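Text of coords.csv (CSV, C-alpha atoms) as supplied:
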```csv
chain,number,residue,atom,x,y,z
N,1,MET,CA,34.0,8.6,-12.8
N,2,ASP,CA,36.1,11.3,-11.1
N,3,THR,CA,35.2,11.2,-7.4
N,4,SER,CA,37.5,14.0,-6.3
N,5,ALA,CA,34.7,16.5,-6.0
N,6,PRO,CA,31.3,15.8,-4.4
N,7,ILE,CA,28.5,15.2,-6.9
N,8,ASN,CA,25.8,16.1,-4.3
N,9,LEU,CA,22.7,14.6,-5.9
N,10,ARG,CA,19.5,16.0,-4.7
N,11,TYR,CA,16.2,14.1,-4.5
N,12,GLU,CA,15.1,15.5,-7.9
N,13,ASP,CA,18.4,14.3,-9.5
N,14,ILE,CA,17.8,10.6,-8.6
N,15,ALA,CA,17.0,8.7,-11.9
N,16,LEU,CA,15.3,5.5,-11.0
N,17,GLY,CA,17.1,2.6,-12.6
N,18,ALA,CA,20.5,4.5,-12.8
N,19,GLU,CA,23.3,2.1,-11.9
N,20,PHE,CA,26.7,2.8,-10.3
N,21,GLU,CA,29.8,0.8,-9.6
N,22,THR,CA,32.5,1.6,-7.0
N,23,ALA,CA,36.2,1.2,-7.1
N,24,VAL,CA,37.5,-2.2,-5.9
N,25,HIS,CA,38.9,-2.9,-2.5
N,26,THR,CA,41.1,-5.9,-1.5
N,27,VAL,CA,40.2,-7.3,1.9
N,28,THR,CA,43.0,-8.1,4.3
N,29,GLU,CA,43.2,-10.3,7.4
N,30,ALA,CA,44.3,-7.2,9.3
N,31,GLU,CA,41.1,-5.4,8.4
N,32,ILE,CA,39.0,-8.3,9.4
N,33,ALA,CA,40.9,-8.4,12.8
N,34,VAL,CA,40.4,-4.7,13.3
N,35,PHE,CA,36.6,-5.1,12.7
N,36,ALA,CA,36.6,-8.0,15.2
N,37,ASP,CA,38.3,-5.7,17.8
N,38,VAL,CA,35.9,-2.8,17.2
N,39,THR,CA,32.8,-5.0,17.4
N,40,HIS,CA,34.1,-7.3,20.1
N,41,ASP,CA,33.2,-10.3,17.9
N,42,HIS,CA,36.3,-12.5,18.0
N,43,HIS,CA,34.7,-15.7,16.7
N,44,PRO,CA,37.6,-17.9,15.4
N,45,LEU,CA,36.3,-17.8,11.8
N,46,HIS,CA,37.3,-14.2,11.8
N,47,VAL,CA,40.6,-14.3,13.6
N,48,ASP,CA,42.1,-17.8,13.4
N,49,ALA,CA,43.1,-18.9,9.9
N,50,ALA,CA,43.7,-22.5,11.0
N,51,TYR,CA,40.2,-22.7,12.5
N,52,ALA,CA,38.7,-21.1,9.4
N,53,ARG,CA,40.5,-23.7,7.2
N,54,SER,CA,39.2,-26.5,9.5
N,55,ARG,CA,35.7,-25.3,8.6
N,56,GLY,CA,36.3,-25.3,4.9
N,57,PHE,CA,37.4,-21.7,4.2
N,58,PRO,CA,40.7,-20.9,2.6
N,59,ALA,CA,41.5,-18.1,5.1
N,60,VAL,CA,39.7,-16.1,7.8
N,61,ILE,CA,36.4,-14.7,6.7
N,62,GLY,CA,34.9,-11.3,7.2
N,63,HIS,CA,31.9,-10.7,9.5
N,64,GLY,CA,28.7,-10.3,7.6
N,65,LEU,CA,28.4,-6.8,9.0
N,66,PHE,CA,32.0,-6.1,7.8
N,67,GLY,CA,30.7,-6.6,4.3
N,68,LEU,CA,27.6,-4.4,4.9
N,69,SER,CA,29.8,-1.7,6.3
N,70,LEU,CA,32.2,-1.9,3.4
N,71,MET,CA,29.3,-1.6,1.0
N,72,GLU,CA,28.4,1.8,2.6
N,73,GLY,CA,32.0,2.9,2.7
N,74,LEU,CA,32.7,2.1,-0.9
N,75,LYS,CA,29.5,3.7,-2.0
N,76,SER,CA,30.3,6.8,0.0
N,77,GLU,CA,33.6,7.2,-1.8
N,78,LEU,CA,31.5,8.0,-4.9
N,79,LYS,CA,30.4,11.2,-3.1
N,80,LEU,CA,27.0,11.0,-4.7
N,81,TYR,CA,25.4,12.8,-1.7
N,82,GLU,CA,28.4,13.9,0.3
N,83,GLU,CA,26.7,17.1,1.5
N,84,THR,CA,23.1,16.3,0.7
N,85,SER,CA,22.6,13.2,2.8
N,86,VAL,CA,20.5,13.8,5.9
N,87,ALA,CA,20.4,10.3,7.4
N,88,SER,CA,20.5,6.6,6.7
N,89,LEU,CA,17.0,5.3,7.5
N,90,GLY,CA,18.0,1.7,7.5
N,91,TRP,CA,19.0,-1.5,5.7
N,92,ASP,CA,16.5,-4.1,4.6
N,93,GLU,CA,16.6,-7.5,2.9
N,94,VAL,CA,20.2,-8.0,3.9
N,95,ARG,CA,21.5,-11.3,2.7
N,96,PHE,CA,25.0,-12.8,3.3
N,97,LYS,CA,25.2,-14.9,0.2
N,98,ALA,CA,28.8,-16.1,0.2
N,99,PRO,CA,31.8,-15.6,2.5
N,100,ILE,CA,34.1,-12.7,2.3
N,101,VAL,CA,37.6,-14.2,2.4
N,102,ALA,CA,40.8,-12.4,3.2
N,103,GLY,CA,42.3,-11.6,-0.2
N,104,ASP,CA,38.9,-11.0,-1.9
N,105,VAL,CA,38.7,-8.0,-4.2
N,106,LEU,CA,35.3,-6.5,-3.7
N,107,ARG,CA,33.3,-3.7,-5.3
N,108,VAL,CA,29.7,-2.5,-5.0
N,109,ARG,CA,27.2,-2.3,-7.8
N,110,PHE,CA,24.0,-0.5,-7.0
N,111,ARG,CA,21.0,1.1,-8.5
N,112,PHE,CA,18.3,3.6,-7.5
N,113,ALA,CA,15.2,1.5,-7.1
N,114,GLU,CA,12.6,3.7,-5.5
N,115,LYS,CA,12.1,7.3,-4.3
N,116,ARG,CA,9.3,9.1,-2.6
N,117,PRO,CA,8.7,12.6,-1.2
N,118,THR,CA,8.3,13.2,2.5
N,119,ARG,CA,6.0,15.6,4.3
N,120,ASN,CA,9.0,18.0,4.6
N,121,PRO,CA,9.5,19.5,1.1
N,122,ALA,CA,13.2,19.9,1.8
N,123,ARG,CA,13.8,16.1,2.1
N,124,GLY,CA,13.1,13.0,0.1
N,125,ILE,CA,13.5,9.3,0.5
N,126,VAL,CA,15.7,7.2,-1.8
N,127,ILE,CA,16.0,3.4,-1.9
N,128,GLU,CA,19.0,1.7,-3.4
N,129,THR,CA,19.5,-2.0,-4.1
N,130,LEU,CA,23.1,-3.0,-3.6
N,131,ASP,CA,25.3,-6.0,-4.3
N,132,LEU,CA,28.8,-6.5,-2.9
N,133,LEU,CA,30.7,-8.5,-5.6
N,134,ASN,CA,33.9,-10.4,-5.4
N,135,GLN,CA,36.6,-10.8,-8.0
N,136,ARG,CA,34.6,-13.7,-9.5
N,137,ASP,CA,31.5,-11.5,-9.9
N,138,GLU,CA,29.8,-13.5,-7.2
N,139,VAL,CA,27.4,-11.6,-5.0
N,140,VAL,CA,28.7,-11.9,-1.4
N,141,THR,CA,26.2,-9.5,0.2
N,142,ALA,CA,22.9,-8.1,-1.1
N,143,ALA,CA,20.7,-5.4,0.5
N,144,ARG,CA,18.4,-2.5,0.1
N,145,HIS,CA,19.3,0.8,1.7
N,146,THR,CA,17.0,3.7,2.5
N,147,SER,CA,18.4,7.2,2.7
N,148,LEU,CA,16.9,10.6,3.5
N,149,ILE,CA,18.4,13.3,1.2
N,150,LEU,CA,17.9,17.0,0.6
N,151,THR,CA,15.7,18.3,-2.2
N,152,ARG,CA,16.3,21.5,-4.2
N,153,GLN,CA,13.7,23.1,-1.9
N,154,ALA,CA,16.4,22.8,0.9
N,155,ASP,CA,18.7,24.9,-1.3
N,156,ARG,CA,16.0,27.6,-1.8
N,157,ASP,CA,15.2,27.6,2.0
N,158,ALA,CA,18.9,28.0,2.8
N,159,THR,CA,19.3,30.9,0.3
N,160,ALA,CA,16.1,32.6,1.7
N,161,ALA,CA,17.5,32.4,5.2
N,162,ILE,CA,20.6,34.4,4.3
```

Represent the structure of the file as structure tokens.
Amino acid sequence: MDTSAPINLRYEDIALGAEFETAVHTVTEAEIAVFADVTHDHHPLHVDAAYARSRGFPAVIGHGLFGLSLMEGLKSELKLYEETSVASLGWDEVRFKAPIVAGDVLRVRFRFAEKRPTRNPARGIVIETLDLLNQRDEVVTAARHTSLILTRQADRDATAAI
């Protein structure tokens, strides 16, 4: 899929059951360390390779929230609602199923699971189910994400306001 131009799905465009997969991303120790700095979580599992090995991991491991953040970032690169997203309403059923190890090659597979209108006809709610997969096709993080996106009514309202 060419992601150079925004796709800008509106609520009406969301086909329940439609699946997408992102490009891959290789996790580095440096990225994990930067995330530790930004979040002030310097647990040795995330910043000390010898300590991580002493706990049975082959290298430092990413924070669970690093994986969740990467899920959103990789999904955003698809530009499905680059200019039609109003807000993230939250993440539910988040599960850290396996460690994210420096050197892992990750990608996101997700599908549109539910959608419902809101009281505002210019906005709708979309729920996605997402899996962050490593190079062995193991799910390392699973979650549901709820987004508020524009409808075609928002386009009509914007045109009428001109």

message: At a cut-off of 8 Å, using all atoms listed in the file, what residues contact N:Val101? Leave out same-chain residues fewer than 2 positions from it and give the result as a PyMOL selection string.
response: chain N and resi 27+57-62+99+103-104

message: Between N:Glu114, N:Arg55, N:Val140, N:Leu74, which residue has the minimum interatomic distance to N:Val24, considering all atoms listed in the file?
response: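 Smallest distance to N:Val24 is found for N:Leu74.
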
field: Cut-off 12 Å around (16.6, 14.4, 8.5) with all atoms listed in the file: residues as a PyMOL selection string
entry: chain N and resi 84-89+118-125+147-151+154

d(atom CA of N:Tyr81, atom CA of N:Ser69) in Å: 17.1 Å

- request: Could you tell me which of N:Ile100, N:Arg109, N:Glu82, N:Arg95 comes closest to N:Ala142 if we count only C-alpha atoms?
  value: N:Arg95

query: What separation in Å, quoted to one decimal, exists between atom CA of N:Ser54 and atom CA of N:Phe96?
result: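 Straight-line distance from atom CA of N:Ser54 to atom CA of N:Phe96 works out to 20.7 Å.
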
- line: Between N:Glu83, N:Asp92, N:Glu128, N:Glu31, smallest distance to N:Phe66 by only C-alpha atoms belongs to N:Glu31

- prompt: Quick one: residues within 8 Å of stretch 12-15 of chain N, all atoms listed in the file counted, chain neighbours fewer than 3 positions away excluded, as a ChimeraX atom specification?
  reply: /N:9,18,112,115,126,151-152

Which residue of N:His63, N:Lys75, N:Arg10, N:Arg144 approaches N:Glu29 most closely, using all atoms listed in the file: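 Smallest distance to N:Glu29 is found for N:His63.
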
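Of the residues under consideration (N:Asn134, N:Ser76, N:Thr146, N:Asn8), N:Thr146 shows the shortest atom-to-atom contact distance to N:Glu93 when counting all atoms listed in the file.
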
message: Report, in Å with one decimal, the straight-line distance from atom CA of N:Ala143 to atom CA of N:Gly64.
response: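 Straight-line distance from atom CA of N:Ala143 to atom CA of N:Gly64 works out to 11.8 Å.
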
- request: Name the closest residue to N:Glu19 among the candidates N:Lys97, N:Leu132, N:Val108, N:His40; distances are taken between atoms, counting all atoms listed in the file.
  value: N:Val108

- request: Would you kindly return, as a list in words, each protein, DNA or RNA residue with an atom no farther than 8 Å from any atom of N:Phe110, considering all atoms listed in the file and excluding same-chain residues fewer than 4 positions away?
  value: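 Residues meeting the cut-off are Glu19, Phe20, Glu21, Glu128, Thr129, Leu130 and Asp131 of chain N.
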